[in-house]
file target09.cif (mmCIF, C-alpha atoms and all ligand atoms)
data_target
loop_
_atom_site.label_atom_id
_atom_site.label_comp_id
_atom_site.auth_asym_id
_atom_site.auth_seq_id
_atom_site.Cartn_x
_atom_site.Cartn_y
_atom_site.Cartn_z
CA MET A 24 0.00 0.00 0.00
CA LYS A 25 1.24 3.47 -0.91
CA PHE A 26 0.93 6.70 1.10
CA PHE A 27 -0.78 9.84 -0.18
CA ILE A 28 -1.26 12.96 1.94
CA ASP A 29 -4.76 14.40 2.25
CA THR A 30 -4.26 18.16 2.48
CA ALA A 31 -3.96 21.37 0.48
CA ASN A 32 -1.45 22.81 2.96
CA ILE A 33 1.86 23.27 1.15
CA GLU A 34 3.99 23.12 4.31
CA GLU A 35 2.45 19.79 5.31
CA ILE A 36 3.05 18.48 1.79
CA ARG A 37 6.70 19.61 1.88
CA GLN A 38 7.26 18.01 5.29
CA ALA A 39 5.62 14.75 4.21
CA ASN A 40 7.63 14.74 0.98
CA GLU A 41 10.89 15.01 2.95
CA LEU A 42 10.06 11.69 4.64
CA GLY A 43 10.63 9.91 1.33
CA VAL A 44 7.42 7.89 1.45
CA LEU A 45 5.01 10.21 -0.29
CA ALA A 46 3.44 8.81 -3.48
CA GLY A 47 0.76 11.45 -4.05
CA VAL A 48 -1.60 14.13 -2.73
CA THR A 49 -5.37 14.42 -2.50
CA THR A 50 -7.23 17.68 -2.03
CA ASN A 51 -10.92 18.50 -1.85
CA PRO A 52 -12.90 21.77 -1.90
CA SER A 53 -13.09 21.90 1.92
CA LEU A 54 -9.32 21.45 2.29
CA VAL A 55 -8.62 24.14 -0.34
CA ALA A 56 -11.15 26.57 1.21
CA LYS A 57 -9.38 26.19 4.58
CA GLU A 58 -6.17 27.51 3.00
CA GLY A 59 -7.75 30.72 1.66
CA VAL A 60 -5.61 30.63 -1.52
CA SER A 61 -6.22 30.48 -5.27
CA PHE A 62 -6.96 26.85 -6.18
CA HIS A 63 -4.96 26.83 -9.43
CA GLU A 64 -2.03 28.66 -7.85
CA ARG A 65 -1.95 26.14 -4.99
CA LEU A 66 -2.08 23.25 -7.46
CA ARG A 67 0.92 24.75 -9.26
CA GLU A 68 2.81 24.90 -5.94
CA ILE A 69 1.83 21.33 -5.02
CA THR A 70 2.78 19.90 -8.41
CA SER A 71 6.15 21.62 -8.35
CA GLU A 72 6.79 19.98 -4.95
CA VAL A 73 5.35 16.57 -5.90
CA LYS A 74 6.36 16.09 -9.52
CA VAL A 75 5.77 12.39 -10.04
CA GLY A 76 2.94 11.13 -7.80
CA SER A 77 -0.72 11.73 -8.49
CA VAL A 78 -2.18 15.06 -7.27
CA SER A 79 -5.99 14.94 -7.06
CA ALA A 80 -7.87 18.16 -7.80
CA GLU A 81 -11.66 18.13 -7.49
CA VAL A 82 -14.13 19.64 -9.94
CA ILE A 83 -16.90 21.87 -8.59
CA ALA A 84 -19.34 21.72 -11.54
CA GLU A 85 -22.32 19.42 -11.09
CA ASP A 86 -23.07 18.63 -14.74
CA ALA A 87 -20.90 16.43 -16.94
CA ALA A 88 -20.12 19.15 -19.50
CA GLY A 89 -19.02 21.56 -16.75
CA MET A 90 -16.94 18.87 -15.04
CA ILE A 91 -15.22 18.00 -18.31
CA GLU A 92 -14.39 21.64 -19.04
CA GLU A 93 -13.09 22.23 -15.51
CA GLY A 94 -11.20 18.93 -15.46
CA LYS A 95 -9.41 19.73 -18.71
CA GLU A 96 -8.24 23.05 -17.22
CA LEU A 97 -7.04 21.31 -14.06
CA ALA A 98 -5.27 18.57 -16.03
CA ALA A 99 -3.44 21.25 -18.06
CA ILE A 100 -1.75 22.58 -14.89
CA ALA A 101 0.66 19.62 -14.65
CA PRO A 102 1.00 16.11 -16.10
CA ASN A 103 0.48 14.46 -12.70
CA ILE A 104 -2.90 16.07 -11.97
CA THR A 105 -5.68 13.54 -11.40
CA VAL A 106 -9.18 14.97 -11.81
CA LYS A 107 -11.32 14.20 -8.78
CA VAL A 108 -14.97 13.64 -9.67
CA PRO A 109 -17.90 13.09 -7.29
CA MET A 110 -19.87 9.84 -7.51
CA THR A 111 -22.99 10.97 -9.38
CA LEU A 112 -24.65 10.07 -12.69
CA GLU A 113 -23.13 13.21 -14.22
CA GLY A 114 -19.79 12.33 -12.62
CA LEU A 115 -19.81 8.91 -14.29
CA LYS A 116 -20.35 10.49 -17.71
CA ALA A 117 -17.43 12.83 -17.06
CA VAL A 118 -15.20 9.95 -15.91
CA LYS A 119 -15.87 8.11 -19.18
CA ALA A 120 -15.00 11.26 -21.16
CA PHE A 121 -11.78 11.79 -19.16
CA SER A 122 -10.85 8.14 -19.67
CA ASP A 123 -11.24 8.58 -23.45
CA LEU A 124 -8.99 11.65 -23.21
CA ASN A 125 -6.38 9.71 -21.17
CA ILE A 126 -6.94 12.04 -18.20
CA LYS A 127 -6.66 10.21 -14.87
CA THR A 128 -9.61 10.33 -12.46
CA ASN A 129 -10.28 9.74 -8.78
CA VAL A 130 -13.97 9.07 -8.09
CA THR A 131 -14.67 10.46 -4.66
CA LEU A 132 -17.41 10.12 -2.02
CA ILE A 133 -17.71 6.35 -2.48
CA PHE A 134 -19.87 4.80 0.23
CA ASN A 135 -20.85 1.42 -1.24
CA ALA A 136 -19.39 -1.26 -3.47
CA ASN A 137 -21.77 -0.70 -6.40
CA GLN A 138 -20.59 2.90 -6.65
CA ALA A 139 -16.99 1.67 -6.79
CA LEU A 140 -17.78 -0.91 -9.49
CA LEU A 141 -19.66 1.65 -11.59
CA ALA A 142 -16.79 4.13 -11.31
CA ALA A 143 -14.28 1.45 -12.32
CA ARG A 144 -16.35 0.42 -15.33
CA ALA A 145 -16.63 4.07 -16.42
CA GLY A 146 -12.82 4.09 -16.53
CA ALA A 147 -11.80 5.57 -13.17
CA THR A 148 -8.11 5.38 -12.33
CA TYR A 149 -8.87 5.49 -8.59
CA VAL A 150 -11.92 5.12 -6.34
CA SER A 151 -12.00 6.69 -2.88
CA PRO A 152 -14.14 4.96 -0.25
CA PHE A 153 -14.52 7.29 2.77
CA LEU A 154 -13.87 5.11 5.83
CA GLY A 155 -14.13 7.66 8.62
CA ARG A 156 -17.42 9.12 7.44
CA LEU A 157 -18.95 5.61 7.33
CA ASP A 158 -17.60 4.84 10.80
CA ASP A 159 -19.11 8.16 11.99
CA ILE A 160 -22.62 6.93 11.16
CA GLY A 161 -22.11 3.49 12.70
CA GLN A 162 -21.26 1.63 9.47
CA ASP A 163 -18.03 -0.29 8.91
CA GLY A 164 -15.80 1.60 6.48
CA MET A 165 -13.15 -1.10 6.48
CA THR A 166 -15.56 -3.83 5.36
CA LEU A 167 -16.30 -1.64 2.33
CA VAL A 168 -12.60 -1.48 1.42
CA ALA A 169 -12.33 -5.29 1.72
CA THR A 170 -15.46 -5.81 -0.43
CA ILE A 171 -14.26 -3.46 -3.18
CA ALA A 172 -10.82 -5.11 -3.14
CA GLU A 173 -12.42 -8.55 -3.51
CA ILE A 174 -14.67 -7.43 -6.39
CA PHE A 175 -11.81 -5.72 -8.25
CA ASP A 176 -9.59 -8.76 -7.74
CA ARG A 177 -12.25 -11.27 -8.83
CA HIS A 178 -13.13 -9.29 -11.98
CA ASP A 179 -9.58 -8.33 -12.84
CA ILE A 180 -10.23 -4.58 -12.51
CA SER A 181 -7.13 -2.39 -12.49
CA THR A 182 -8.74 0.68 -10.83
CA GLU A 183 -6.85 1.40 -7.60
CA ILE A 184 -8.55 1.79 -4.23
CA ILE A 185 -7.65 4.86 -2.18
CA ALA A 186 -8.69 4.44 1.46
CA ALA A 187 -9.87 7.98 2.30
CA SER A 188 -11.31 9.82 5.30
CA ILE A 189 -8.61 8.22 7.44
CA ARG A 190 -8.82 9.31 11.08
CA HIS A 191 -6.23 7.28 13.01
CA PRO A 192 -3.27 4.87 12.64
CA LEU A 193 -5.41 1.72 12.93
CA HIS A 194 -7.32 2.81 9.80
CA VAL A 195 -3.98 2.80 7.96
CA THR A 196 -2.96 -0.71 9.05
CA ASP A 197 -6.42 -2.12 8.41
CA ALA A 198 -6.63 -0.48 4.97
CA ALA A 199 -3.35 -2.20 4.03
CA VAL A 200 -4.53 -5.56 5.36
CA ASN A 201 -7.86 -5.26 3.55
CA GLY A 202 -6.42 -4.57 0.12
CA ALA A 203 -6.37 -0.79 -0.35
CA HIS A 204 -3.67 0.15 -2.88
CA ILE A 205 -3.25 3.58 -1.31
CA ALA A 206 -4.23 5.36 1.92
CA THR A 207 -4.62 9.13 1.76
CA ILE A 208 -3.78 10.40 5.22
CA PRO A 209 -3.93 13.79 7.00
CA TYR A 210 -0.49 15.05 8.11
CA ASN A 211 -1.18 14.62 11.84
CA VAL A 212 -2.03 10.93 11.33
CA LEU A 213 0.88 10.38 8.91
CA SER A 214 3.42 11.78 11.38
CA SER A 215 1.90 9.81 14.26
CA LEU A 216 2.54 6.52 12.39
CA VAL A 217 6.23 6.85 13.32
CA LYS A 218 5.53 6.94 17.03
CA HIS A 219 5.66 4.17 19.62
CA PRO A 220 6.31 4.79 23.33
CA LEU A 221 8.79 1.88 23.46
CA THR A 222 10.75 3.45 20.57
CA ASP A 223 11.00 6.73 22.52
CA GLN A 224 11.94 4.91 25.75
CA GLY A 225 14.52 2.84 23.86
CA ILE A 226 16.18 5.94 22.39
CA GLU A 227 16.20 7.63 25.80
CA LYS A 228 17.85 4.57 27.41
CA PHE A 229 20.45 4.19 24.63
CA MET A 230 21.37 7.88 24.95
CA ALA A 231 21.56 7.72 28.75
CA ASP A 232 23.82 4.63 28.62
CA TRP A 233 26.00 6.25 25.95
CA ASN A 234 26.42 9.45 27.98
CA ASN A 235 27.14 7.53 31.23
CA GLN A 236 29.86 5.28 29.81
CA LYS A 237 33.13 5.21 31.72
C1 LIG B 301 -10.19 12.16 0.22
O1 LIG B 301 -9.81 12.29 -0.93
C2 LIG B 301 -10.89 13.21 0.99
O2 LIG B 301 -10.27 14.43 0.72
C3 LIG B 301 -10.79 13.02 2.48
O3 LIG B 301 -10.12 11.84 2.83
C4 LIG B 301 -12.03 13.28 3.25
O4 LIG B 301 -11.78 13.09 4.61
P1 LIG B 301 -12.75 13.65 5.76
O5 LIG B 301 -13.90 12.72 5.89
O6 LIG B 301 -11.87 13.62 7.00
O7 LIG B 301 -13.15 15.04 5.37
#
call {"tool": "encode", "arguments": {"input": "target09.cif", "output": "structure tokens"}}
result
Amino acid sequence: MKFFIDTANIEEIRQANELGVLAGVTTNPSLVAKEGVSFHERLREITSEVKVGSVSAEVIAEDAAGMIEEGKELAAIAPNITVKVPMTLEGLKAVKAFSDLNIKTNVTLIFNANQALLAARAGATYVSPFLGRLDDIGQDGMTLVATIAEIFDRHDISTEIIAASIRHPLHVTDAAVNGAHIATIPYNVLSSLVKHPLTDQGIEKFMADWNNQK
């Protein structure tokens, strides 16, 4: 499983990129709005920091024609832009059009397996099941990841699964175990993956012993 970062904050992206594990970035309209910056300008900054991995940029239009127009503009910003499209009937039409144009897509707001299968058959590069938001309403987000992974495997579908709406480290481990190809993770969760109290205690003890040697 690969690591994407789920943020539009350029400092978080830079810090995550320095770790050497970053394979891509996802943004959404809420994350961009939080930054109070021009969307296209921020995408230019992100794609000059992350030049190879996928950078998802979401369309705002609600009709297929509008999504296609917007998506083409976004895709022109950099070769590694992936157009993020919401899971709607209009979104599916747009995904098919982008697929015909060889523009990569990430179908977002996936909450059941049929939505994922439809997106894949329309030509989506990625599907993003939202684990945390399902957990929030008492449904099991991780079972959805496992079901989509099984369907894609059984039917030889190459669309990749991005485990999204990740809230804590256990989501990351479980997403990997259940067949997600990618987890897109907020910076606070990504940096917390490094931590274990026994690691900190071990370092402290090694340093104390080193400094107390005779
Ligand atoms: C994924 O692409 C989305 O941007 C994101 O994971 C949504 O997470 P949230 O439910 O924490 O807003």
call {"tool": "residues_around", "arguments": {"input": "target09.cif", "residues": "region 160-177 of chain A", "least_positions_apart": "4", "cutoff": "6 Å", "atoms": "only C-alpha atoms", "output": "PDB file with C-alpha atoms, keeping the file's coordinate frame"}}
result
ATOM      1  CA  ALA A 136     -19.390  -1.260  -3.470  1.00  0.00           C
ATOM      2  CA  LEU A 154     -13.870   5.110   5.830  1.00  0.00           C
ATOM      3  CA  ASN A 201      -7.860  -5.260   3.550  1.00  0.00           C
ATOM      4  CA  GLY A 202      -6.420  -4.570   0.120  1.00  0.00           C
TER       5      GLY A 202
END
call {"tool": "residues_near_ligand", "arguments": {"input": "target09.cif", "ligand": "ligand LIG 301 (chain B)", "cutoff": "8 Å", "atoms": "all atoms listed in the file", "output": "ChimeraX atom specification"}}
result
/A:29-30,49-51,53-54,79,131-132,151,153-156,185-190,207-209
call {"tool": "atom_distance", "arguments": {"input": "target09.cif", "atom1": "CA of His178 (chain A)", "atom2": "CA of Asp123 (chain A)"}}
result
21.3 Å
call {"tool": "atom_distance", "arguments": {"input": "target09.cif", "atom1": "CA of Ala80 (chain A)", "atom2": "CA of Ala199 (chain A)"}}
result
24.0 Å
call {"tool": "atom_distance", "arguments": {"input": "target09.cif", "atom1": "CA of Ile100 (chain A)", "atom2": "CA of Ser181 (chain A)"}}
result
25.7 Å
call {"tool": "closest_residue", "arguments": {"input": "target09.cif", "among": "A:Arg65, A:Lys237, A:Lys74, A:His204", "to": "Glu183 (chain A)", "atoms": "only C-alpha atoms"}}
result
A:His204
call {"tool": "closest_residue", "arguments": {"input": "target09.cif", "among": "A:Thr148, A:Val82, A:Leu45, A:Glu58", "to": "Ile33 (chain A)", "atoms": "only C-alpha atoms"}}
result
A:Glu58
call {"tool": "closest_residue", "arguments": {"input": "target09.cif", "among": "A:Asn32, A:Gln224, A:Ser61, A:Thr111", "to": "Glu85 (chain A)", "atoms": "all atoms listed in the file"}}
result
A:Thr111
call {"tool": "axis_aligned_box", "arguments": {"input": "target09.cif", "around": "region 72-86 of chain A", "padding_each_side": "8 Å", "output": "JSON"}}
result
{"center_x": -8.1, "center_y": 16.5, "center_z": -9.8, "size_x": 45.9, "size_y": 26.7, "size_z": 25.8}
call {"tool": "residues_near_point", "arguments": {"input": "target09.cif", "point": "(-18.5, 19.4, -19.3)", "cutoff": "12 Å", "atoms": "all atoms listed in the file", "output": "list in words"}}
result
Val82, Ile83, Ala84, Glu85, Asp86, Ala87, Ala88, Gly89, Met90, Ile91, Glu92, Glu93, Gly94, Lys95, Glu96, Val108, Glu113, Gly114, Leu115, Lys116, Ala117, Val118, Lys119, Ala120 and Phe121 of chain A
call {"tool": "residues_near_point", "arguments": {"input": "target09.cif", "point": "(-1.1, 16.6, -7.5)", "cutoff": "8 Å", "atoms": "all atoms listed in the file", "output": "PyMOL selection string"}}
result
chain A and resi 47-49+66+69-70+73-74+76-80+101+103-105
call {"tool": "write_last_selection", "arguments": {"input": "target09.cif", "atoms": "C-alpha atoms", "output": "PDB file, in the frame of the given file"}}
result
ATOM      1  CA  GLY A  47       0.760  11.450  -4.050  1.00  0.00           C
ATOM      2  CA  VAL A  48      -1.600  14.130  -2.730  1.00  0.00           C
ATOM      3  CA  THR A  49      -5.370  14.420  -2.500  1.00  0.00           C
ATOM      4  CA  LEU A  66      -2.080  23.250  -7.460  1.00  0.00           C
ATOM      5  CA  ILE A  69       1.830  21.330  -5.020  1.00  0.00           C
ATOM      6  CA  THR A  70       2.780  19.900  -8.410  1.00  0.00           C
ATOM      7  CA  VAL A  73       5.350  16.570  -5.900  1.00  0.00           C
ATOM      8  CA  LYS A  74       6.360  16.090  -9.520  1.00  0.00           C
ATOM      9  CA  GLY A  76       2.940  11.130  -7.800  1.00  0.00           C
ATOM     10  CA  SER A  77      -0.720  11.730  -8.490  1.00  0.00           C
ATOM     11  CA  VAL A  78      -2.180  15.060  -7.270  1.00  0.00           C
ATOM     12  CA  SER A  79      -5.990  14.940  -7.060  1.00  0.00           C
ATOM     13  CA  ALA A  80      -7.870  18.160  -7.800  1.00  0.00           C
ATOM     14  CA  ALA A 101       0.660  19.620 -14.650  1.00  0.00           C
ATOM     15  CA  ASN A 103       0.480  14.460 -12.700  1.00  0.00           C
ATOM     16  CA  ILE A 104      -2.900  16.070 -11.970  1.00  0.00           C
ATOM     17  CA  THR A 105      -5.680  13.540 -11.400  1.00  0.00           C
TER      18      THR A 105
END
call {"tool": "closest_residue", "arguments": {"input": "target09.cif", "among": "A:Tyr210, A:Tyr149, A:Phe229, A:Phe62", "to": "Glu34 (chain A)", "atoms": "all atoms listed in the file"}}
result
A:Tyr210
call {"tool": "closest_residue", "arguments": {"input": "target09.cif", "among": "A:Glu81, A:Met230, A:Leu97, A:Asp223", "to": "Val55 (chain A)", "atoms": "only C-alpha atoms"}}
result
A:Glu81
call {"tool": "closest_residue", "arguments": {"input": "target09.cif", "among": "A:Leu112, A:Ile184, A:Val60, A:Leu221", "to": "Ala147 (chain A)", "atoms": "only C-alpha atoms"}}
result
A:Ile184
